[in-house]
Structures are given as C-alpha cells and as structure tokens.
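Listing of run31.cif; format and content: mmCIF, C-alpha atoms; chains and numbers go by the auth columns.
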```cif
data_coords
#
loop_
_atom_site.group_PDB
_atom_site.id
_atom_site.type_symbol
_atom_site.label_atom_id
_atom_site.label_comp_id
_atom_site.label_asym_id
_atom_site.label_seq_id
_atom_site.Cartn_x
_atom_site.Cartn_y
_atom_site.Cartn_z
_atom_site.B_iso_or_equiv
_atom_site.auth_seq_id
_atom_site.auth_asym_id
ATOM 1 C CA MET A 1 -33.341 0.835 11.557 0.00 1 A
ATOM 2 C CA SER A 2 -30.058 2.676 12.024 0.00 2 A
ATOM 3 C CA LEU A 3 -29.875 6.367 11.323 0.00 3 A
ATOM 4 C CA ARG A 4 -28.283 7.766 8.179 0.00 4 A
ATOM 5 C CA ARG A 5 -24.736 8.851 8.982 0.00 5 A
ATOM 6 C CA PHE A 6 -22.821 11.820 7.553 0.00 6 A
ATOM 7 C CA PHE A 7 -19.464 13.524 8.004 0.00 7 A
ATOM 8 C CA ILE A 8 -19.457 17.135 9.163 0.00 8 A
ATOM 9 C CA ALA A 9 -16.344 19.293 9.400 0.00 9 A
ATOM 10 C CA PRO A 10 -15.185 19.691 13.031 0.00 10 A
ATOM 11 C CA GLU A 11 -15.143 23.488 12.740 0.00 11 A
ATOM 12 C CA MET A 12 -18.864 23.409 11.899 0.00 12 A
ATOM 13 C CA VAL A 13 -19.976 21.676 15.078 0.00 13 A
ATOM 14 C CA ASN A 14 -20.147 24.765 17.297 0.00 14 A
ATOM 15 C CA HIS A 15 -22.224 26.801 14.838 0.00 15 A
ATOM 16 C CA PRO A 16 -25.869 27.422 15.834 0.00 16 A
ATOM 17 C CA HIS A 17 -26.928 25.599 12.664 0.00 17 A
ATOM 18 C CA PRO A 18 -24.015 23.525 11.346 0.00 18 A
ATOM 19 C CA GLU A 19 -24.174 22.752 7.640 0.00 19 A
ATOM 20 C CA ILE A 20 -23.157 20.197 5.053 0.00 20 A
ATOM 21 C CA SER A 21 -22.694 21.603 1.542 0.00 21 A
ATOM 22 C CA GLY A 22 -21.572 20.533 -1.906 0.00 22 A
ATOM 23 C CA SER A 23 -22.068 17.047 -3.326 0.00 23 A
ATOM 24 C CA ASP A 24 -22.877 15.554 0.091 0.00 24 A
ATOM 25 C CA ALA A 25 -25.801 17.963 0.446 0.00 25 A
ATOM 26 C CA GLY A 26 -26.997 16.994 -3.021 0.00 26 A
ATOM 27 C CA HIS A 27 -26.861 13.321 -2.026 0.00 27 A
ATOM 28 C CA ILE A 28 -28.846 13.960 1.154 0.00 28 A
ATOM 29 C CA TYR A 29 -31.496 15.999 -0.652 0.00 29 A
ATOM 30 C CA ARG A 30 -31.822 14.359 -4.062 0.00 30 A
ATOM 31 C CA VAL A 31 -30.858 10.712 -3.484 0.00 31 A
ATOM 32 C CA LEU A 32 -31.833 10.046 0.126 0.00 32 A
ATOM 33 C CA ARG A 33 -34.700 12.569 0.011 0.00 33 A
ATOM 34 C CA LEU A 34 -34.202 13.661 3.591 0.00 34 A
ATOM 35 C CA SER A 35 -35.900 16.867 4.647 0.00 35 A
ATOM 36 C CA ALA A 36 -36.597 19.200 7.579 0.00 36 A
ATOM 37 C CA GLY A 37 -37.452 17.271 10.723 0.00 37 A
ATOM 38 C CA ASP A 38 -35.538 14.085 9.858 0.00 38 A
ATOM 39 C CA ILE A 39 -33.120 12.800 12.491 0.00 39 A
ATOM 40 C CA VAL A 40 -29.607 11.764 11.405 0.00 40 A
ATOM 41 C CA GLU A 41 -26.244 10.916 12.943 0.00 41 A
ATOM 42 C CA LEU A 42 -23.229 13.124 12.266 0.00 42 A
ATOM 43 C CA PHE A 43 -19.553 12.476 12.986 0.00 43 A
ATOM 44 C CA ASP A 44 -16.674 14.957 12.855 0.00 44 A
ATOM 45 C CA GLY A 45 -13.784 12.562 12.207 0.00 45 A
ATOM 46 C CA THR A 46 -12.097 13.349 15.523 0.00 46 A
ATOM 47 C CA GLY A 47 -13.900 10.740 17.615 0.00 47 A
ATOM 48 C CA ASN A 48 -17.181 12.564 18.306 0.00 48 A
ATOM 49 C CA GLY A 49 -20.691 11.676 17.158 0.00 49 A
ATOM 50 C CA TYR A 50 -23.863 13.778 17.158 0.00 50 A
ATOM 51 C CA LEU A 51 -27.583 13.149 17.028 0.00 51 A
ATOM 52 C CA ALA A 52 -28.936 15.922 14.820 0.00 52 A
ATOM 53 C CA GLN A 53 -32.182 17.089 13.240 0.00 53 A
ATOM 54 C CA ILE A 54 -32.375 18.616 9.783 0.00 54 A
ATOM 55 C CA VAL A 55 -33.572 22.233 9.899 0.00 55 A
ATOM 56 C CA SER A 56 -33.546 22.903 6.164 0.00 56 A
ATOM 57 C CA ALA A 57 -32.406 21.050 3.067 0.00 57 A
ATOM 58 C CA SER A 58 -31.592 21.993 -0.523 0.00 58 A
ATOM 59 C CA PRO A 59 -29.375 20.514 -3.259 0.00 59 A
ATOM 60 C CA LYS A 60 -26.546 22.834 -2.193 0.00 60 A
ATOM 61 C CA ARG A 61 -26.868 23.049 1.577 0.00 61 A
ATOM 62 C CA VAL A 62 -28.336 21.065 4.463 0.00 62 A
ATOM 63 C CA SER A 63 -28.437 22.626 7.927 0.00 63 A
ATOM 64 C CA PHE A 64 -28.950 20.923 11.270 0.00 64 A
ATOM 65 C CA ILE A 65 -29.515 21.479 14.932 0.00 65 A
ATOM 66 C CA ILE A 66 -27.480 19.213 17.185 0.00 66 A
ATOM 67 C CA LYS A 67 -29.584 17.474 19.813 0.00 67 A
ATOM 68 C CA GLU A 68 -26.951 15.350 21.515 0.00 68 A
ATOM 69 C CA SER A 69 -23.234 14.626 21.366 0.00 69 A
ATOM 70 C CA PHE A 70 -21.490 11.389 22.309 0.00 70 A
ATOM 71 C CA PRO A 71 -18.039 9.780 22.021 0.00 71 A
ATOM 72 C CA MET A 72 -17.487 7.167 19.323 0.00 72 A
ATOM 73 C CA LEU A 73 -16.170 4.011 20.980 0.00 73 A
ATOM 74 C CA SER A 74 -15.061 1.998 17.964 0.00 74 A
ATOM 75 C CA GLU A 75 -11.422 3.073 17.763 0.00 75 A
ATOM 76 C CA SER A 76 -8.599 0.608 18.245 0.00 76 A
ATOM 77 C CA SER A 77 -6.688 0.566 21.511 0.00 77 A
ATOM 78 C CA VAL A 78 -3.450 0.937 19.541 0.00 78 A
ATOM 79 C CA GLN A 79 -2.492 3.629 17.040 0.00 79 A
ATOM 80 C CA ILE A 80 -1.250 1.954 13.864 0.00 80 A
ATOM 81 C CA SER A 81 0.636 3.963 11.256 0.00 81 A
ATOM 82 C CA MET A 82 0.558 2.004 8.005 0.00 82 A
ATOM 83 C CA ALA A 83 3.481 2.899 5.749 0.00 83 A
ATOM 84 C CA GLN A 84 2.935 1.629 2.213 0.00 84 A
ATOM 85 C CA GLY A 85 5.362 1.644 -0.681 0.00 85 A
ATOM 86 C CA ILE A 86 3.551 3.292 -3.598 0.00 86 A
ATOM 87 C CA LEU A 87 1.775 0.723 -5.782 0.00 87 A
ATOM 88 C CA LYS A 88 0.719 0.836 -9.416 0.00 88 A
ATOM 89 C CA ASP A 89 -2.671 1.860 -10.788 0.00 89 A
ATOM 90 C CA ARG A 90 -5.389 2.470 -8.208 0.00 90 A
ATOM 91 C CA LYS A 91 -4.445 -0.285 -5.785 0.00 91 A
ATOM 92 C CA MET A 92 -3.773 2.370 -3.150 0.00 92 A
ATOM 93 C CA ASP A 93 -7.412 3.509 -3.340 0.00 93 A
ATOM 94 C CA ASP A 94 -8.676 0.075 -2.344 0.00 94 A
ATOM 95 C CA LEU A 95 -6.065 -0.205 0.397 0.00 95 A
ATOM 96 C CA ILE A 96 -6.947 3.060 2.120 0.00 96 A
ATOM 97 C CA ARG A 97 -10.594 1.998 2.195 0.00 97 A
ATOM 98 C CA GLN A 98 -9.840 -1.436 3.641 0.00 98 A
ATOM 99 C CA LEU A 99 -7.191 -0.246 6.086 0.00 99 A
ATOM 100 C CA THR A 100 -9.557 2.411 7.397 0.00 100 A
ATOM 101 C CA GLU A 101 -12.063 -0.346 8.094 0.00 101 A
ATOM 102 C CA LEU A 102 -9.327 -2.303 9.888 0.00 102 A
ATOM 103 C CA GLY A 103 -8.724 0.671 12.175 0.00 103 A
ATOM 104 C CA ILE A 104 -5.442 2.323 11.186 0.00 104 A
ATOM 105 C CA ASP A 105 -4.647 5.715 12.689 0.00 105 A
ATOM 106 C CA ARG A 106 -2.267 7.060 10.028 0.00 106 A
ATOM 107 C CA TRP A 107 -1.609 6.315 6.333 0.00 107 A
ATOM 108 C CA MET A 108 1.970 6.960 5.177 0.00 108 A
ATOM 109 C CA PRO A 109 2.532 6.372 1.443 0.00 109 A
ATOM 110 C CA PHE A 110 6.173 6.489 0.338 0.00 110 A
ATOM 111 C CA TYR A 111 8.316 5.925 -2.727 0.00 111 A
ATOM 112 C CA ALA A 112 10.625 2.963 -2.251 0.00 112 A
ATOM 113 C CA ALA A 113 13.577 2.225 -4.516 0.00 113 A
ATOM 114 C CA ARG A 114 11.519 -0.346 -6.441 0.00 114 A
ATOM 115 C CA SER A 115 8.288 1.632 -6.664 0.00 115 A
ATOM 116 C CA VAL A 116 7.222 1.702 -10.307 0.00 116 A
ATOM 117 C CA PRO A 117 5.182 4.948 -10.205 0.00 117 A
ATOM 118 C CA VAL A 118 7.466 7.979 -10.200 0.00 118 A
ATOM 119 C CA PRO A 119 6.877 11.008 -7.966 0.00 119 A
ATOM 120 C CA GLY A 120 4.684 13.695 -9.483 0.00 120 A
ATOM 121 C CA LYS A 121 3.730 16.641 -7.300 0.00 121 A
ATOM 122 C CA LYS A 122 0.555 17.606 -9.175 0.00 122 A
ATOM 123 C CA GLY A 123 -0.688 14.036 -9.446 0.00 123 A
ATOM 124 C CA MET A 124 0.021 13.346 -5.790 0.00 124 A
ATOM 125 C CA VAL A 125 -2.082 16.306 -4.640 0.00 125 A
ATOM 126 C CA THR A 126 -5.025 14.832 -6.525 0.00 126 A
ATOM 127 C CA LYS A 127 -4.368 11.400 -5.018 0.00 127 A
ATOM 128 C CA LEU A 128 -4.216 12.782 -1.473 0.00 128 A
ATOM 129 C CA GLU A 129 -7.564 14.516 -1.942 0.00 129 A
ATOM 130 C CA ARG A 130 -9.081 11.313 -3.302 0.00 130 A
ATOM 131 C CA TRP A 131 -7.652 9.221 -0.453 0.00 131 A
ATOM 132 C CA GLU A 132 -9.085 11.617 2.128 0.00 132 A
ATOM 133 C CA LYS A 133 -12.545 11.290 0.569 0.00 133 A
ATOM 134 C CA ILE A 134 -12.223 7.504 0.438 0.00 134 A
ATOM 135 C CA ALA A 135 -11.169 7.390 4.103 0.00 135 A
ATOM 136 C CA ILE A 136 -14.169 9.512 5.149 0.00 136 A
ATOM 137 C CA GLU A 137 -16.551 7.255 3.227 0.00 137 A
ATOM 138 C CA ALA A 138 -14.967 4.181 4.827 0.00 138 A
ATOM 139 C CA VAL A 139 -15.314 5.686 8.306 0.00 139 A
ATOM 140 C CA LYS A 140 -18.965 6.400 7.569 0.00 140 A
ATOM 141 C CA GLN A 141 -19.572 2.816 6.434 0.00 141 A
ATOM 142 C CA CYS A 142 -17.738 1.002 9.246 0.00 142 A
ATOM 143 C CA ARG A 143 -19.016 3.319 11.997 0.00 143 A
ATOM 144 C CA ARG A 144 -15.649 4.521 13.154 0.00 144 A
ATOM 145 C CA GLY A 145 -15.395 7.893 14.805 0.00 145 A
ATOM 146 C CA GLN A 146 -11.968 8.984 13.601 0.00 146 A
ATOM 147 C CA VAL A 147 -10.674 9.565 10.084 0.00 147 A
ATOM 148 C CA PRO A 148 -7.089 8.339 9.603 0.00 148 A
ATOM 149 C CA GLN A 149 -4.463 10.997 9.032 0.00 149 A
ATOM 150 C CA ILE A 150 -3.336 10.909 5.397 0.00 150 A
ATOM 151 C CA MET A 151 0.331 11.864 5.116 0.00 151 A
ATOM 152 C CA PRO A 152 1.925 13.364 1.977 0.00 152 A
ATOM 153 C CA ALA A 153 4.016 10.848 0.055 0.00 153 A
ATOM 154 C CA GLY A 154 7.749 11.084 0.687 0.00 154 A
ATOM 155 C CA ASN A 155 10.726 8.835 0.098 0.00 155 A
ATOM 156 C CA PHE A 156 11.858 5.864 2.178 0.00 156 A
ATOM 157 C CA ASP A 157 14.024 7.959 4.504 0.00 157 A
ATOM 158 C CA ASP A 158 11.191 10.465 5.058 0.00 158 A
ATOM 159 C CA MET A 159 9.055 7.554 6.206 0.00 159 A
ATOM 160 C CA LEU A 160 11.737 6.369 8.633 0.00 160 A
ATOM 161 C CA THR A 161 11.979 9.848 10.139 0.00 161 A
ATOM 162 C CA ALA A 162 8.195 10.166 10.474 0.00 162 A
ATOM 163 C CA SER A 163 8.150 6.903 12.456 0.00 163 A
ATOM 164 C CA ALA A 164 10.507 8.153 15.162 0.00 164 A
ATOM 165 C CA ASP A 165 7.764 8.513 17.806 0.00 165 A
ATOM 166 C CA SER A 166 6.489 4.923 17.513 0.00 166 A
ATOM 167 C CA ASP A 167 6.879 2.497 20.424 0.00 167 A
ATOM 168 C CA LEU A 168 7.181 -0.455 18.041 0.00 168 A
ATOM 169 C CA LYS A 169 8.379 -0.394 14.419 0.00 169 A
ATOM 170 C CA ILE A 170 7.913 -3.404 12.149 0.00 170 A
ATOM 171 C CA ILE A 171 8.946 -3.841 8.529 0.00 171 A
ATOM 172 C CA PHE A 172 7.515 -6.865 6.733 0.00 172 A
ATOM 173 C CA TRP A 173 10.072 -8.264 4.315 0.00 173 A
ATOM 174 C CA GLU A 174 9.944 -11.242 2.002 0.00 174 A
ATOM 175 C CA GLY A 175 13.566 -12.026 2.906 0.00 175 A
ATOM 176 C CA ALA A 176 12.804 -12.514 6.607 0.00 176 A
ATOM 177 C CA PRO A 177 13.458 -16.124 7.644 0.00 177 A
ATOM 178 C CA GLN A 178 10.426 -16.430 9.912 0.00 178 A
ATOM 179 C CA ALA A 179 6.691 -15.798 9.748 0.00 179 A
ATOM 180 C CA PHE A 180 5.115 -13.078 11.886 0.00 180 A
ATOM 181 C CA GLU A 181 7.095 -12.930 15.108 0.00 181 A
ATOM 182 C CA ILE A 182 7.770 -10.120 17.558 0.00 182 A
ATOM 183 C CA PRO A 183 11.128 -10.298 19.400 0.00 183 A
ATOM 184 C CA GLY A 184 11.124 -10.505 23.162 0.00 184 A
ATOM 185 C CA THR A 185 12.956 -7.166 23.301 0.00 185 A
ATOM 186 C CA ALA A 186 9.912 -5.358 21.880 0.00 186 A
ATOM 187 C CA PRO A 187 7.570 -3.507 24.260 0.00 187 A
ATOM 188 C CA PRO A 188 4.768 -5.913 25.347 0.00 188 A
ATOM 189 C CA GLN A 189 1.947 -3.373 25.022 0.00 189 A
ATOM 190 C CA PRO A 190 2.934 -0.625 22.580 0.00 190 A
ATOM 191 C CA LYS A 191 0.524 2.262 22.030 0.00 191 A
ATOM 192 C CA LYS A 192 1.980 3.529 18.747 0.00 192 A
ATOM 193 C CA ILE A 193 3.073 1.079 16.057 0.00 193 A
ATOM 194 C CA THR A 194 4.478 1.711 12.595 0.00 194 A
ATOM 195 C CA VAL A 195 3.982 -1.111 10.102 0.00 195 A
ATOM 196 C CA VAL A 196 5.869 -0.958 6.781 0.00 196 A
ATOM 197 C CA ILE A 197 5.099 -2.864 3.579 0.00 197 A
ATOM 198 C CA GLY A 198 6.986 -2.481 0.321 0.00 198 A
ATOM 199 C CA PRO A 199 5.860 -2.010 -3.291 0.00 199 A
ATOM 200 C CA GLU A 200 5.335 -4.786 -5.852 0.00 200 A
ATOM 201 C CA GLY A 201 9.090 -5.329 -6.228 0.00 201 A
ATOM 202 C CA GLY A 202 9.775 -5.486 -2.508 0.00 202 A
ATOM 203 C CA PHE A 203 12.637 -3.767 -0.696 0.00 203 A
ATOM 204 C CA GLU A 204 16.268 -3.462 -1.607 0.00 204 A
ATOM 205 C CA PRO A 205 18.739 -4.800 1.012 0.00 205 A
ATOM 206 C CA GLY A 206 19.992 -1.291 1.690 0.00 206 A
ATOM 207 C CA GLU A 207 16.500 -0.163 2.675 0.00 207 A
ATOM 208 C CA ILE A 208 16.154 -3.025 5.131 0.00 208 A
ATOM 209 C CA GLN A 209 19.517 -2.130 6.648 0.00 209 A
ATOM 210 C CA ARG A 210 18.536 1.536 7.071 0.00 210 A
ATOM 211 C CA ALA A 211 15.241 0.492 8.651 0.00 211 A
ATOM 212 C CA ARG A 212 17.079 -1.692 11.166 0.00 212 A
ATOM 213 C CA GLU A 213 19.362 1.208 12.003 0.00 213 A
ATOM 214 C CA HIS A 214 16.213 3.224 12.805 0.00 214 A
ATOM 215 C CA GLY A 215 14.961 0.591 15.251 0.00 215 A
ATOM 216 C CA PHE A 216 12.725 -1.482 12.975 0.00 216 A
ATOM 217 C CA PHE A 217 12.228 -5.192 13.521 0.00 217 A
ATOM 218 C CA THR A 218 12.034 -7.309 10.378 0.00 218 A
ATOM 219 C CA THR A 219 9.512 -10.124 10.117 0.00 219 A
ATOM 220 C CA GLY A 220 7.701 -12.136 7.460 0.00 220 A
ATOM 221 C CA LEU A 221 4.261 -13.341 6.375 0.00 221 A
ATOM 222 C CA GLY A 222 4.854 -17.038 5.908 0.00 222 A
ATOM 223 C CA PRO A 223 6.137 -19.216 3.066 0.00 223 A
ATOM 224 C CA ARG A 224 3.886 -18.000 0.245 0.00 224 A
ATOM 225 C CA ILE A 225 4.590 -15.051 -2.034 0.00 225 A
ATOM 226 C CA LEU A 226 1.794 -12.534 -1.481 0.00 226 A
ATOM 227 C CA ARG A 227 0.751 -9.688 -3.714 0.00 227 A
ATOM 228 C CA ALA A 228 1.765 -6.366 -2.174 0.00 228 A
ATOM 229 C CA GLU A 229 -1.818 -5.342 -1.418 0.00 229 A
ATOM 230 C CA THR A 230 -2.587 -8.746 0.142 0.00 230 A
ATOM 231 C CA ALA A 231 0.523 -8.465 2.309 0.00 231 A
ATOM 232 C CA THR A 232 -0.576 -5.052 3.547 0.00 232 A
ATOM 233 C CA LEU A 233 -3.985 -6.256 4.699 0.00 233 A
ATOM 234 C CA ALA A 234 -2.498 -9.389 6.266 0.00 234 A
ATOM 235 C CA ALA A 235 0.113 -7.359 8.149 0.00 235 A
ATOM 236 C CA CYS A 236 -2.420 -4.877 9.490 0.00 236 A
ATOM 237 C CA THR A 237 -4.761 -7.652 10.617 0.00 237 A
ATOM 238 C CA LEU A 238 -1.958 -9.520 12.394 0.00 238 A
ATOM 239 C CA VAL A 239 -0.869 -6.383 14.254 0.00 239 A
ATOM 240 C CA GLN A 240 -4.453 -5.513 15.224 0.00 240 A
ATOM 241 C CA TYR A 241 -4.960 -9.065 16.468 0.00 241 A
ATOM 242 C CA ARG A 242 -1.709 -9.121 18.440 0.00 242 A
ATOM 243 C CA PHE A 243 -1.828 -5.645 19.949 0.00 243 A
ATOM 244 C CA GLY A 244 -5.170 -4.018 19.090 0.00 244 A
ATOM 245 C CA ASP A 245 -8.877 -4.832 19.297 0.00 245 A
ATOM 246 C CA MET A 246 -9.226 -7.770 16.891 0.00 246 A
ATOM 247 C CA GLY A 247 -7.879 -10.440 19.224 0.00 247 A
ATOM 248 C CA ILE A 248 -8.093 -11.570 22.803 0.00 248 A
ATOM 249 C CA THR A 249 -8.267 -8.656 25.242 0.00 249 A
ATOM 250 C CA GLN A 250 -5.036 -8.476 27.164 0.00 250 A
#
```

Could you express the structure from this file as structure tokens?
Amino acid sequence: MSLRRFFIAPEMVNHPHPEISGSDAGHIYRVLRLSAGDIVELFDGTGNGYLAQIVSASPKRVSFIIKESFPMLSESSVQISMAQGILKDRKMDDLIRQLTELGIDRWMPFYAARSVPVPGKKGMVTKLERWEKIAIEAVKQCRRGQVPQIMPAGNFDDMLTASADSDLKIIFWEGAPQAFEIPGTAPPQPKKITVVIGPEGGFEPGEIQRAREHGFFTTGLGPRILRAETATLAACTLVQYRFGDMGITQ
C-alpha cells in the first residue's frame, strides 16, 4: 500500500519539526485519522520528496520528523509553458488540474481579444489562489514532484513578452492549413516550449500576426472543430509526445 502523500511548504523542510497547518491538518487528523508514529510521504513542490513520521497531530497542526529525502523523478524532460486564453465559467479550473497531470511547467492565462470574461483584479486574485490549490492537489494525485508556476493573467502582448526565453514557441490556430506539424527550422530538441491556445472565439488575425513577429510557429489540430478546452489538452499531449516524456525516447 502506498503511503499517504501531502504537500509541505519548502521553507518548512529545514525546521526541526516541520508542520502542516490549516485545513490540510484537519484532513489528516479528522478524515484520515493519522496520528503520532504514522509514516507518510511529503513533497515540497520543488522536486523533492521526503519520508516523514508524524510526531504530533491535532485538527489545527500536524508536525513531523523527516527520516529521508529523495528527488522526485516524474518531471518531464521538457519545460512546457501553457498559455491559455481565458475561458468562461470554471473551465480553467479543470484545465489546470489536467494540465498539471500532463506535466506542464508553467500556466500562463491571458485575455485575448475574443475572451468573453473581462479582466477583474479582485476576481483574478481569487482565481489565482484557487488555481494554485488545484495544482497542488493534482501534483499530489499524479505523484509529480513539482508544482507548476501559476502566472498572473495579462493581455495577449504580455503573454508574448513572457515567452521570450522559450526555445520553441507554438500557437495553435484554427486557421492553420495543416494539422500538428513542426517546421524543419525549429530546434530539434528544445528544452523550453511555449504552447498557446485561444479562447472559445479563437484568435483575431492581428494576434496571429503579432505572434509570428515574436517567433511563434502556427499549426493546427486537424480538420475537426474542437472545443477550446479539448484543444488545450490535445495540444499539450502532442507536444509532450513529440518532445517530452509521453512518446518514444529520443
């Protein structure tokens, strides 16, 4: 039977008795009924795992002693930044969970010209906090070692600027004449890749032009019209298969 697995803040790891507090402590104590002496696995979201023993437990605080540390070896060989045009409702919640499972390194939400939700600073702060919690839970479930970086939502041009350090930049566009294809001029084994998917209404031609001017390749996802959230998952999977750890080892 695998050990129960919990997230612990990286700054806690070097304490003599690192702790988990708040609702997570309540879950450990009340729901899972773990207590002093039980062995668990901790992860700090930066690629490190720990074998730990519970020293004390209460509904508000659970403390541990770390017995062993080890590297988590389930991260992709390529760092994928997934840039997503803001979608309606809570579709973004499901996407951050699924994309975390697929191994993305960075989540970059942005407002495209055709995004239906309008920017709201207060609402976005709440969304970012929720997405961070969802990403941590997804990492816990899929046994990753690293929590994706969740970027604040900006506009389309902010996203282009944030992608400047990528070795390969791909924008999936319904107007592209071909299915998924990487030009021969692209680096054969990129380490950092930015993948861009638009909102429900797709991209305006001017956005595609600006992306090309910033070094993005345009490509498609075949002849069918996909929902935006389906396109995002398909794009991430294709890139992981072609360059990451979901395909044939190169």

*Hey, can you check how far CA of Pro16 in chain A sits from CA of Glu132 in chain A?*
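Separation of CA of Pro16 in chain A and CA of Glu132 in chain A: 26.8 Å.
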
Expand the PyMOL selection byres ((chain A and resi 167) around 12) into the individual residues it matches in the shown file, reporting them as a short mmCIF file (atom, residue, chain, number, x, y, z; two decimals) with C-alpha atoms, in the coordinates of the input.
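Now in expr-v5.cif:
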```cif
data_model
loop_
_atom_site.label_atom_id
_atom_site.label_comp_id
_atom_site.auth_asym_id
_atom_site.auth_seq_id
_atom_site.Cartn_x
_atom_site.Cartn_y
_atom_site.Cartn_z
CA VAL A 78 -3.45 0.94 19.54
CA GLN A 79 -2.49 3.63 17.04
CA ILE A 80 -1.25 1.95 13.86
CA SER A 81 0.64 3.96 11.26
CA SER A 163 8.15 6.90 12.46
CA ALA A 164 10.51 8.15 15.16
CA ASP A 165 7.76 8.51 17.81
CA SER A 166 6.49 4.92 17.51
CA LEU A 168 7.18 -0.46 18.04
CA LYS A 169 8.38 -0.39 14.42
CA ILE A 170 7.91 -3.40 12.15
CA THR A 185 12.96 -7.17 23.30
CA ALA A 186 9.91 -5.36 21.88
CA PRO A 187 7.57 -3.51 24.26
CA PRO A 188 4.77 -5.91 25.35
CA GLN A 189 1.95 -3.37 25.02
CA PRO A 190 2.93 -0.62 22.58
CA LYS A 191 0.52 2.26 22.03
CA LYS A 192 1.98 3.53 18.75
CA ILE A 193 3.07 1.08 16.06
CA THR A 194 4.48 1.71 12.60
CA VAL A 195 3.98 -1.11 10.10
CA GLY A 215 14.96 0.59 15.25
CA PHE A 216 12.72 -1.48 12.98
CA PHE A 217 12.23 -5.19 13.52
CA PHE A 243 -1.83 -5.64 19.95
#
```

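With the shown file loaded, the PyMOL selection byres ((chain A and resi 19) around 10) picks out A:Ile8, A:Ala9, A:Met12, A:Val13, A:His15, A:Pro16, A:His17, A:Pro18, A:Ile20, A:Ser21, A:Ala25, A:Ile54, A:Val55, A:Ser56, A:Ala57, A:Arg61, A:Val62, A:Ser63, A:Phe64, A:Ile65.
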
_Quick check on the file I pasted: which residues fall under the PyMOL selection byres ((chain A and resi 219) around 7)? Write them as JSON, numbers by chain._
{"A": [171, 172, 173, 176, 178, 179, 180, 181, 217, 218, 220]}

_So, with only C-alpha atoms as the atoms that count, which of A:Lys88, A:Arg130, A:Arg97, A:Arg144 lies closest to Arg114 in chain A?_
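Checking each of A:Lys88, A:Arg130, A:Arg97, A:Arg144 against Arg114 in chain A, counting only C-alpha atoms, the winner is A:Lys88.
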
_Closest of A:Ile28, A:Ala135, A:Val125, A:Ala228 to Pro59 in chain A - atom-to-atom distances counting all atoms listed in the file_ =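 With all atoms listed in the file as the atom set, the closest residue is A:Ile28.
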
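Within 9 Å of Gln240 in chain A, once all atoms listed in the file are used and residues closer than 4 positions along the same chain are dropped, the contacting residues are Ser76, Val78, Ile80, Leu102, Gly103, Ile104, Ala235, Cys236, Gly244, Asp245, Met246 and Gly247 of chain A.
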
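When CA of Pro148 in chain A is paired with CA of Ile136 in chain A, their separation reads 8.4 Å.
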
*asked:* Around (-28.7, 4.2, 12.0), as given in the file, which residues come within 10 Å? Count all atoms listed in the file and list them as a ChimeraX atom specification.
replied: /A:1-5,39-41,143

With C-alpha atoms kept, could you save the residues just selected as a compact mmCIF listing (two decimals), in the coordinates of the input?
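Wrote result-v1.txt, looks like this:
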```txt
# COMPACT_ATOMS: atom_id res chain seq x y z
CA MET A 1 -33.34 0.84 11.56
CA SER A 2 -30.06 2.68 12.02
CA LEU A 3 -29.88 6.37 11.32
CA ARG A 4 -28.28 7.77 8.18
CA ARG A 5 -24.74 8.85 8.98
CA ILE A 39 -33.12 12.80 12.49
CA VAL A 40 -29.61 11.76 11.40
CA GLU A 41 -26.24 10.92 12.94
CA ARG A 143 -19.02 3.32 12.00
```

Could you work out an axis-aligned box for range 231-239 of chain A, taking every atom the file lists and adding 6 Å on each side, and report centre and edge lengths in Å to one decimal, as AutoDock Vina command-line options?
```
--center_x -2.1 --center_y -7.2 --center_z 8.3 --size_x 17.3 --size_y 16.6 --size_z 23.9
```

Quick one: residues within 9 Å of Leu160 in chain A, all atoms listed in the file, excluding same-chain residues fewer than 5 positions away - as a compact mmCIF listing (two decimals) with C-alpha atoms, in the frame of the given file?
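Below you can see out.txt, which holds the result:
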```
# COMPACT_ATOMS: atom_id res chain seq x y z
CA ASN A 155 10.73 8.84 0.10
CA ARG A 210 18.54 1.54 7.07
CA ALA A 211 15.24 0.49 8.65
CA HIS A 214 16.21 3.22 12.80
```

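Reported to one decimal place, the separation of CA of Arg90 in chain A from CA of Leu238 in chain A is 24.1 Å.
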
_Surrounding residues of range 66-69 of chain A excluding itself and chain neighbours under 3 positions, 6 Å, all atoms listed in the file, as a PyMOL selection string_ = chain A and resi 49-52

*Kindly indicate which residue among A:Phe70, A:Leu99, A:Tyr241, A:Ser23 lies nearest to Cys142 in chain A, using all atoms listed in the file for the distances.*
A:Leu99

*Glu229 in chain A surroundings by all atoms listed in the file, 9 Å radius, close-in-sequence under 5 positions cut, as a ChimeraX atom specification*: /A:87,91-92,94-95,197,199-200,234

*Who sits within 10 Å of Pro10 in chain A, all atoms listed in the file, same chain under 5 positions skipped, as a ChimeraX atom specification*: /A:18,43-46,48
